[in-house]
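Visitor: Take a look at this one; I'll ask things after.
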There are 8 protein chains.
Amino acid sequence: MEKKLREILLRIKKGEMTIKEGMERLKVLPFLELGYAKIDTHRPLRRDLGEVIYGEGKRKEEILGIVAKLKEIGEDCLITRLPSDLGEDLVRKFGGRYFPSAKIFALGKFPKRKKKEKPIPIITAGTSDIPVAEEAAVFLELLGYPVKRIYDVGVAGIHRTFSHLKEIRKGRVIIVIAGMEGALASVVSGLVSKPVIAVPTSYGYGANFQGLSALLAMLASCSPGIGVVNIDNGFGAAYLAHLILSSK
Amino acid sequence: MEKKLREILLRIKKGEMTIKEGMERLKVLPFLELGYAKIDTHRPLRRDLGEVIYGEGKRKEEILGIVAKLKEIGEDCLITRLPSDLGEDLVRKFGGRYFPSAKIFALGKFPKRKKKEKPIPIITAGTSDIPVAEEAAVFLELLGYPVKRIYDVGVAGIHRTFSHLKEIRKGRVIIVIAGMEGALASVVSGLVSKPVIAVPTSYGYGANFQGLSALLAMLASCSPGIGVVNIDNGFGAAYLAHLILSSK
Amino acid sequence: MEKKLREILLRIKKGEMTIKEGMERLKVLPFLELGYAKIDTHRPLRRDLGEVIYGEGKRKEEILGIVAKLKEIGEDCLITRLPSDLGEDLVRKFGGRYFPSAKIFALGKFPKRKKKEKPIPIITAGTSDIPVAEEAAVFLELLGYPVKRIYDVGVAGIHRTFSHLKEIRKGRVIIVIAGMEGALASVVSGLVSKPVIAVPTSYGYGANFQGLSALLAMLASCSPGIGVVNIDNGFGAAYLAHLILSSK
Amino acid sequence: MEKKLREILLRIKKGEMTIKEGMERLKVLPFLELGYAKIDTHRPLRRDLGEVIYGEGKRKEEILGIVAKLKEIGEDCLITRLPSDLGEDLVRKFGGRYFPSAKIFALGKFPKRKKKEKPIPIITAGTSDIPVAEEAAVFLELLGYPVKRIYDVGVAGIHRTFSHLKEIRKGRVIIVIAGMEGALASVVSGLVSKPVIAVPTSYGYGANFQGLSALLAMLASCSPGIGVVNIDNGFGAAYLAHLILSSK
Amino acid sequence: MEKKLREILLRIKKGEMTIKEGMERLKVLPFLELGYAKIDTHRPLRRDLGEVIYGEGKRKEEILGIVAKLKEIGEDCLITRLPSDLGEDLVRKFGGRYFPSAKIFALGKFPKRKKKEKPIPIITAGTSDIPVAEEAAVFLELLGYPVKRIYDVGVAGIHRTFSHLKEIRKGRVIIVIAGMEGALASVVSGLVSKPVIAVPTSYGYGANFQGLSALLAMLASCSPGIGVVNIDNGFGAAYLAHLILSSK
Amino acid sequence: MEKKLREILLRIKKGEMTIKEGMERLKVLPFLELGYAKIDTHRPLRRDLGEVIYGEGKRKEEILGIVAKLKEIGEDCLITRLPSDLGEDLVRKFGGRYFPSAKIFALGKFPKRKKKEKPIPIITAGTSDIPVAEEAAVFLELLGYPVKRIYDVGVAGIHRTFSHLKEIRKGRVIIVIAGMEGALASVVSGLVSKPVIAVPTSYGYGANFQGLSALLAMLASCSPGIGVVNIDNGFGAAYLAHLILSSK
Amino acid sequence: MEKKLREILLRIKKGEMTIKEGMERLKVLPFLELGYAKIDTHRPLRRDLGEVIYGEGKRKEEILGIVAKLKEIGEDCLITRLPSDLGEDLVRKFGGRYFPSAKIFALGKFPKRKKKEKPIPIITAGTSDIPVAEEAAVFLELLGYPVKRIYDVGVAGIHRTFSHLKEIRKGRVIIVIAGMEGALASVVSGLVSKPVIAVPTSYGYGANFQGLSALLAMLASCSPGIGVVNIDNGFGAAYLAHLILSSK
Amino acid sequence: MEKKLREILLRIKKGEMTIKEGMERLKVLPFLELGYAKIDTHRPLRRDLGEVIYGEGKRKEEILGIVAKLKEIGEDCLITRLPSDLGEDLVRKFGGRYFPSAKIFALGKFPKRKKKEKPIPIITAGTSDIPVAEEAAVFLELLGYPVKRIYDVGVAGIHRTFSHLKEIRKGRVIIVIAGMEGALASVVSGLVSKPVIAVPTSYGYGANFQGLSALLAMLASCSPGIGVVNIDNGFGAAYLAHLILSSK
């Protein structure tokens with residue numbers, strides 16, 4: 001940015017650029033700057049996986065169109081919340097890979113496994129929380145992170161949680177996924193000295209109110225050190241974990 | 001009830017009671033029957049402690065009037081949610097005893113300690129839940145039950161809970177009191193094979209919404225075997241525990 | 001536990017066990033202890049019925065896989081919230097029994113009827129609450145408890161409630177199931193001196209808000225002695241009743 | 001209205017009124033008509049009591065100003081939700097009467113007692129609902145209706161309700177006032193064949209949520225024939241009862 | 001009741017009835033009394049139309065079974081919220097009549113039109129509120145009441161409301177049905193001196209929250225004299241209107 | 001109106017109209033007056049497009065009937081929220097035009113483009129908000145307004161918003177449509193000195209609660225100058241924009 | 001902005017400014033540009049009144065500090081939600097003017113009355129809505145707009161609304177302020193062809209839930225053409241009205 | 001831990017410790033192990049600052065008692081949400097330091113400034129969010145982190161945000177604190193590639209509902225990479241930031 005600015009000014013000074021021309025260039029710069037900022041923000045991610053698209057609610061033609069266009073311009077892409085029939089269609093048409101457990105379609109060059117990174121524990125309270133967990137796990141794996149899946153260790157049988165304590169403590173950041181009363185986030189957070197990303201799920205019924213019980217419980221946790229993302233938002237948790245691990 | 005009925009009919013048959021008199025007696029019986037039922041319900045309690053009055057929101061004169069009247073007719077009484085200045089006033093005027101930690105005033109003959117009963121564990125997540133716990137504890141003690149207070153053992157430091165596991169498991173019924181995310185009820189319930197009475201408290205702030213987070217979490221618990229009472233309702237929990245323990 | 005500990009230490013002292021070996025054994029103990037606790041918790045139930053699985057939302061293959069595996073390892077199992085077509089499939093494939101009214105599938109050795117136990121009254125306000133009631137009733141019967149079904153006796157015609165008063169009062173614990181305004185729980189609780197387990201149901205419409213009206217009403221009941229479980233949670237009510245009746 | 005219209009037209013025809021004048025008169029008529037309608041609506045009430053003013057939140061000077069003005073122009077007035085100190089001030093300054101239990105101030109000629117009218121039962125579940133009940137009772141009495149106060153007969157001790165069944169059934173319309181779970185409205189409505197006006201009160205705590213539990217319960221009642229008014233709105237219930245009884 | 005009681009006692013005194021026999025008779029009396037009360041409650045309605053059944057959520061076989069049984073024992077019946085295919089089925093099998101606009105099936109002797117009764121205005125804000133209105137209208141017509149349907153006169157075009165003012169004012173009780181913001185209830189209530197029964201409907205979208213906006217608006221109306229029933233509860237409004245008109 | 005009134009009075013004065021006749025005419029006038037007002041309100045719109053009908057939830061026959069009738073009497077019409085199959089049906093049967101992106105059917109003479117009007121910016125945060133935006137855009141275009149569609153410029157990539165700042169600032173009124181957290185409304189409002197009409201959409205999941213998050217955020221915006229319409233209400237936003245632009 | 005830019009470039013070209021210096025100046029410009037935008041946004045307002053500060057929740061010293069500083073640098077200021085004692089303090093210390101009915105303090109040169117502007121109708125349903133109305137009215141008057149206060153014309157007595165119809169229709173934009181059920185916004189909007197800005201107020205009790213009932217009702221209004229601002233936000237309504245009227 | 005275990009076993013083997021003694025030591029170990037875990041969790045913090053106590057709602061004597069005891073045993077302590085009078089009392093009695101802007105009292109040895117750590121940007125939307133921000137800032141500074149306060153840069157004047165972009169982007173983790181519509185979190189997150197911790201505040205009024213609007217908006221943000229903590233929970237945000245920065 002500074003270089004660009006200096007260059008313009010130099011060329012004006014030298015008379016290589018008229019003032020009018022320079023003004024045109026400079027008026028655009030603020031937005032360029034912002035756009036650049038944005039590219040900056042997305043670069044680490046984009047370098048690996050290209051655009052991330054939310055597939056739910058998009059019609060088949062829309063999805064096909066987006067992927068075709070991205071392939072055409074050589075951009076990679078990743079689609080979340082994609083039904084399996086559509087996912088398999090995409091693989092047939094464009095190649096790439098579909099992960100049915102995570103409902104993720106990925107097209108492009110996958111980064112190498114980050115060998116020095118410690119496995120990220122992704123913990124679920126029940127088996128019904130697994131689809132949300134897989135969205136997080138597959139996304140992180142596509143970014144090259146090792147992942148440690150620790151599923152169905154909810155607090156109703158807390159010994160299950162404890163038997164994985166060692167692996168949990170190894171993680172530099174921990175993702176906890178739970179529906180119903182969401183107590184697992186508090187319990188895990190109380191046992192480790194690492195940041196916990198908590199994902200409430202809509203799993204449950206009655207006073208669960210589509211994930212509200214778990215959401216409120218995680219926000220009101222008596223154990224500090226928990227960052228909460230939206231209900232069922234496995235992708236968001238993974239993205240936050242990625243930012244935490246790659247932040248320097 | 002049957003005995004009473006038989007007696008009336010016999011006395012009528014024998015002419016010891018006029019038909020008009022008998023009718024008067026009998027017309028009351030349906031209600032007496034219901035009242036008796038009610039008395040039946042309350043008997044074990046009433047025998048020990050007399051009437052239970054909810055003190056919050058009642059004006060001083062009202063409280064004084066009620067106690068004066070009950071004393072006059074020889075009835076015992078117990079008042080919950082009573083501010084300390086009023087409680088001490090009552091003790092000065094009428095005798096009895098005021099428990100500031102529980103905000104309970106009690107007047108009457110206290111039952112003997114039920115020696116064979118195992119102590120009822122009353123567990124709180126934090127120190128702020130203690131007033132609710134004390135309401136439950138003092139009420140149960142007034143009824144003669146031994147109580148085991150286990151306070152401030154919330155899941156943020158779950159080792160604190162575990163260090164009391166033995167005492168907790170001894171209880172025939174367990175009362176768990178927690179605000180914030182209320183996770184302690186799920187954790188305790190998962191560790192014991194005893195009925196758990198859960199009391200959400202309004203302690204906390206923000207997404208706690210005056211106890212809603214703990215309430216929903218306790219209702220949506222992944223661990224079955226929990227009966228929930230109203231927010232901050234220590235008395236209700238104690239009363240339910242008493243019914244469970246005295247039910248035959 | 002203490003015995004086990006003493007034994008290990010003695011064997012180390014005597015040189016029968018190396019320190020390394022002893023350390024391995026001892027490090028596992030805390031979790032074993034917890035696991036044991038868990039087994040302890042579940043034992044009375046597991047002895048009778050094996051694992052309890054929540055069937056709703058699970059795919060057919062998952063259900064089949066779980067049952068096949070449990071049968072293979074000789075474990076009994078019980079599945080709640082199972083659609084009737086799946087239930088009948090399971091019976092054809094694995095034997096066992098499916099209860100369509102309760103949507104429960106059970107496979108294993110059913111315990112004998114607990115002859116000395118008094119029938120547990122299960123009371124519903126309307127006919128629409130019956131599926132929830134049957135989940136509770138069948139589950140308790142599978143555990144060997146006698147059950148007294150008292151259905152459709154809501155407060156709109158309170159004489160219906162009263163005509164069953166005698167049977168209701170006999171129960172050591174009473175389950176009340178009601179949707180809409182949930183008033184039946186308060187009324188029944190006011191007529192008996194036994195613990196009442198209240199189950200709000202999602203039955204109703206409009207200001208019912210999927211069971212919220214009954215849930216709030218039961219929690220805010222003017223009659224103490226009620227433990228509330230989650231909306232539509234017949235299984236949870238039965239499980240709590242079982243813990244209350246088997247607690248010693 | 002028609003008479004007035006005819007008269008204007010006749011006077012125009014006869015030349016007693018200019019067209020301009022007539023136009024002025026007629027342009028106002030549509031609103032007059034509406035205003036008249038309004039007067040019609042309010043007439044039965046206004047004749048007895050004059051203006052009804054909601055006192056809560058109004059400052060002392062405002063209240064004094066309103067009453068002074070109404071007195072000056074010879075209008076009667078009635079103020080609800082008026083603190084007792086203000087009420088007594090008004091009596092000292094302007095005469096009239098203040099009812100502390102109902103927080104109502106009334107100034108004007110009170111109608112005679114409607115002797116042929118049957119007493120209107122006003123029933124409360126608890127003693128804490130009495131202020132709301134008194135607002136309704138005093139308002140109805142000021143309108144000349146006989147009232148039957150039946151207080152503290154909530155469903156926790158349903159025999160208390162039954163012992164008043166005869167009086168309750170006599171009413172042409174019945175007002176039921178309850179907080180907490182509001183079950184009394186359903187129970188009473190199930191026992192009578194008369195319209196029931198239900199008033200939820202904000203009395204209670206926790207899952208009561210300032211009257212929400214009683215409000216939802218009354219709306220979702222399993223017994224048809226209940227009209228619900230706003231939380232704590234004793235005046236509204238009385239007004240509706242008055243309209244029902246005076247409607248021809 | 002008193003007569004019955006006197007008779008039993010006399011027969012016992014005279015020895016015409018044994019004490020055991022008398023006891024059996026008397027023990028039943030309280031409930032008989034209550035049952036009778038209930039019959040009393042329902043009599044005016046039942047005489048005309050028999051049982052009222054809520055059809056929604058009931059399976060076809062259940063509906064068929066209920067109607068068959070009621071027909072067998074000679075009881076009339078009325079079913080609300082019945083899908084049209086089922087309704088026509090019933091007519092084919094059992095006779096009677098199905099009203100598709102109201103989703104009501106009626107079987108039995110219809111009462112004569114109450115000739116002296118003034119037509120009951122049933123007013124809707126929009127065309128989407130009509131199904132709820134028809135449920136009320138058809139039910140009232142089956143009970144013999146004349147009904148005045150005034151549909152689609154919401155406040156967005158308030159002149160439509162005014163053009164029916166005369167008919168509205170004639171009603172002894174007025175039913176107002178509105179979704180969205182429910183303002184029509186307030187406006188109508190402000191224009192008449194009659195009781196208004198307000199039915200919020202779930203019609204609308206977004207901030208309507210399934211009828212919540214209309215429900216809250218009707219409860220919080222600035223115009224007193226409105227009794228609110230549950231969202232979409234046309235039957236409840238009609239039933240309340242019937243009780244108001246038949247109350248003596 | 002005044003002219004009409006004067007004319008009637010004159011004719012009465014002159015004897016050209018009987019008093020009875022005049023009365024009939026005049027009694028209607030108040031409503032005519034109101035109706036006229038209404039016509040006044042709708043005139044600018046109606047002149048262009050005729051009746052606006054909300055299509056959602058109406059059955060096919062109803063829609064067909066309405067359009068047939070309006071065509072018969074020569075009235076134009078516009079239907080919103082109309083499924084595409086129905087829309088195409090209408091075009092085949094009655095002519096007119098169906099806009100699938102907006103789900104709008106329009107029949108009648110379309111006004112000319114308002115050439116002097118500046119394009120109205122319609123801005124969406126994401127692609128999922130586009131259907132709501134199209135409803136607004138097509139409706140405004142049918143009324144002759146030029147529209148500037150600026151889609152998918154949400155705050156997650158705020159440079160996208162900025163790159164359109166010039167066009168946005170040109171609008172005399174700006175429509176902002178956003179789901180999820182609805183932040184775009186605040187950001188845009190902070191950048192312009194024009195009225196912003198904000199439309200929350202139900203797009204999103206979890207803590208979005210069907211548009212509640214965006215709705216609350218837009219209402220609670222820290223930037224003044226925003227008028228909020230109902231969730232997903234593209235038509236309402238366009239209508240309000242039209243009123244703002246045509247108000248004199 | 002362009003002038004500034006040109007000037008810098010010219011001076012660089014001419015060598016009057018070093019490149020380094022120029023760079024420093026220009027790097028700040030992008031933000032200046034944004035700031036300028038902002039100034040642009042605020043200019044019409046700022047020119048008249050200076051900064052607008054929200055006074056609620058600010059401590060006395062803070063308020064005093066802000067006003068002192070603004071006065072010192074010659075900036076005018078306007079503070080809303082300012083308690084009267086503080087307001088009078090400010091007047092004594094700094095001059096300016098305090099409007100107790102609106103709780104607004106204003107210091108600076110007041111713009112002249114916009115003589116050609118038609119009075120803006122500010123309409124309230126009740127007297128309790130007046131403080132919110134005054135905040136809007138005084139703010140607009142300080143900006144030079146003529147205002148027509150039409151207070152206490154709620155729909156409970158709709159003739160009051162109608163008697164002001166002429167004045168209401170004259171406004172180019174109309175502000176409607178109502179609590180309770182908020183119906184006035186729908187009624188007024190249905191009677192005019194002008195944009196309506198609706199302000200729900202927290203006035204009311206019970207099912208009003210601090211303004212929620214009016215808020216939902218206004219959003220869900222059956223009459224299009226209403227823009228809603230936050231509960232009690234009189235300032236926001238006035239600001240939006242100002243933007244609408246000044247937008248070109 | 002392993003070392004400790006080995007040592008005990010060795011001493012037993014060597015006979016330096018009796019078996020009974022060893023058992024006592026070892027029985028505690030499982031909890032010690034858990035406690036150790038806990039200590040592990042807390043160690044980095046505890047080493048610096050000792051216990052963290054939530055001061056709100058605690059009585060003066062309680063606070064004094066806690067601090068006295070901690071001082072006596074040589075433990076440091078930190079109290080949040082402490083009123084200023086109490087804070088100054090503590091300083092007078094026990095030394096230490098009270099931070100009025102953050103309402104934090106700290107007693108103990110403060111760690112050195114972490115010189116290599118980049119300043120953590122703490123950003124607020126408005127001035128009213130500053131107390132929450134100060135709680136976070138002071139807590140982090142006490143832990144030795146450098147902090148960059150960027151206050152009052154909300155999106156209503158987004159150029160203010162941009163003018164701090166450089167500093168914001170330097171942070172390894174960013175804390176964003178906003179009330180009202182909470183849009184700042186989305187905007188900042190969209191501009192950086194760093195984890196954002198979002199703190200909704202209860203600042204605002206009306207549809208803000210004590211922070212609900214900001215909370216929902218932050219959870220539903222269109223920009224991934226945000227972890228949300230409870231409303232007003234500045235301490236929680238700081239603690240999470242600390243865990244993120246110290247996690248290895």
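Chain labels follow the order of the structure tokens: the first chain is A, the next B, and so on; residue numbering restarts at 1 in every chain, and ligands are counted from 1 in their shown order.
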List every residue of segment 191-242 of chain B that DSSP, applied to the backbone of this structure, places in strand (DSSP E or B), and write the result as a list of chain:residue names.

Guide: B:Val196, B:Ile197, B:Ala198, B:Val199, B:Pro200, B:Ile226, B:Gly227, B:Val228

Visitor: How far apart are chain B and chain D by Cα RMSD after a least-squares superposition over every Cα, paired in order?

Guide: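 The C-alpha RMSD comes out at 0.7 Å.
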
Visitor: Using only C-alpha atoms, find each residue in chain H having at least one atom no more than 8 Å away from chain F; report its shortest atom-to-atom pair and that distance in Å (one decimal), rows by chain then rising number, as a Markdown table.

Guide:
| residue | atom | partner | partner_atom | distance |
| --- | --- | --- | --- | --- |
| H:Gly154 | CA | F:Cys222 | CA | 7.8 |
| H:Val155 | CA | F:Val187 | CA | 5.5 |
| H:Ala156 | CA | F:Gly190 | CA | 4.2 |
| H:Gly157 | CA | F:Gly190 | CA | 5.5 |
| H:Ile158 | CA | F:Gly190 | CA | 6.9 |
| H:Met180 | CA | F:Ala220 | CA | 5.0 |
| H:Glu181 | CA | F:Ala217 | CA | 4.1 |
| H:Gly182 | CA | F:Ala217 | CA | 7.2 |
| H:Ala183 | CA | F:Ala183 | CA | 4.7 |
| H:Leu184 | CA | F:Ala183 | CA | 8.0 |
| H:Ser186 | CA | F:Ala156 | CA | 6.2 |
| H:Val187 | CA | F:Val155 | CA | 5.5 |
| H:Ser189 | CA | F:Ala156 | CA | 7.0 |
| H:Gly190 | CA | F:Ala156 | CA | 4.2 |
| H:Leu191 | CA | F:Gly157 | CA | 7.1 |
| H:Gly204 | CA | F:Ala220 | CA | 7.3 |
| H:Tyr205 | CA | F:Ala220 | CA | 7.6 |
| H:Gly206 | CA | F:Ala220 | CA | 7.5 |
| H:Ala207 | CA | F:Leu216 | CA | 5.8 |
| H:Asn208 | CA | F:Ala220 | CA | 5.6 |
| H:Ser213 | CA | F:Leu216 | CA | 5.2 |
| H:Ala214 | CA | F:Ala217 | CA | 6.7 |
| H:Leu216 | CA | F:Ser213 | CA | 5.1 |
| H:Ala217 | CA | F:Glu181 | CA | 4.1 |
| H:Met218 | CA | F:Glu181 | CA | 6.6 |
| H:Leu219 | CA | F:Ala207 | CA | 6.3 |
| H:Ala220 | CA | F:Met180 | CA | 5.0 |
| H:Ser221 | CA | F:Glu181 | CA | 5.1 |
| H:Cys222 | CA | F:Ala156 | CA | 6.0 |
| H:Ser223 | CA | F:Ala156 | CA | 4.7 |

Visitor: Could you list, as a PyMOL selection string, every residue within 6 Å of segment 142-145 of chain D, counting only C-alpha atoms and ignoring same-chain residues fewer than 4 positions away?

Guide: chain D and resi 111-114

Visitor: Those selected residues, please, written with C-alpha atoms and delivered as a PDB file, in the first residue's frame.

Guide:
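The resulting again28.pdb:
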ATOM      1  CA  PRO D 111     -75.923   4.441  42.045  1.00  0.00           C
ATOM      2  CA  LYS D 112     -78.329   2.453  44.144  1.00  0.00           C
ATOM      3  CA  ARG D 113     -77.732  -1.176  44.765  1.00  0.00           C
ATOM      4  CA  LYS D 114     -79.186  -3.291  41.977  1.00  0.00           C
TER       5      LYS D 114
END

Visitor: In Å, with one decimal, what is the gap from atom CA of Ile123 of chain H to atom CA of Val138 of chain H?

Guide: 13.8 Å

Visitor: Rounded to one decimal in Å, what is the spacing between atom CA of Ile150 of chain F and atom CA of Arg169 of chain F?

Guide: 12.3 Å

Visitor: In Å, how far is it from atom CA of Ala238 of chain G to atom CA of Val147 of chain G?

Guide: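 Atom CA of Ala238 of chain G sits 10.6 Å away from atom CA of Val147 of chain G.
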
Visitor: Just checking: using only C-alpha atoms, which residue out of E:Asp85, E:Ala198, E:Lys166, E:Ile8 ends up closest to Ala237 of chain E?

Guide: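 Nearest to Ala237 of chain E: E:Ala198.
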
Visitor: Just want the 7 Å neighbourhood of Gly87 of chain C, counted on only C-alpha atoms, with same-chain residues fewer than 5 positions away dropped. Output as a list in words.

Guide: Leu82, Tyr98 and Phe105 of chain C
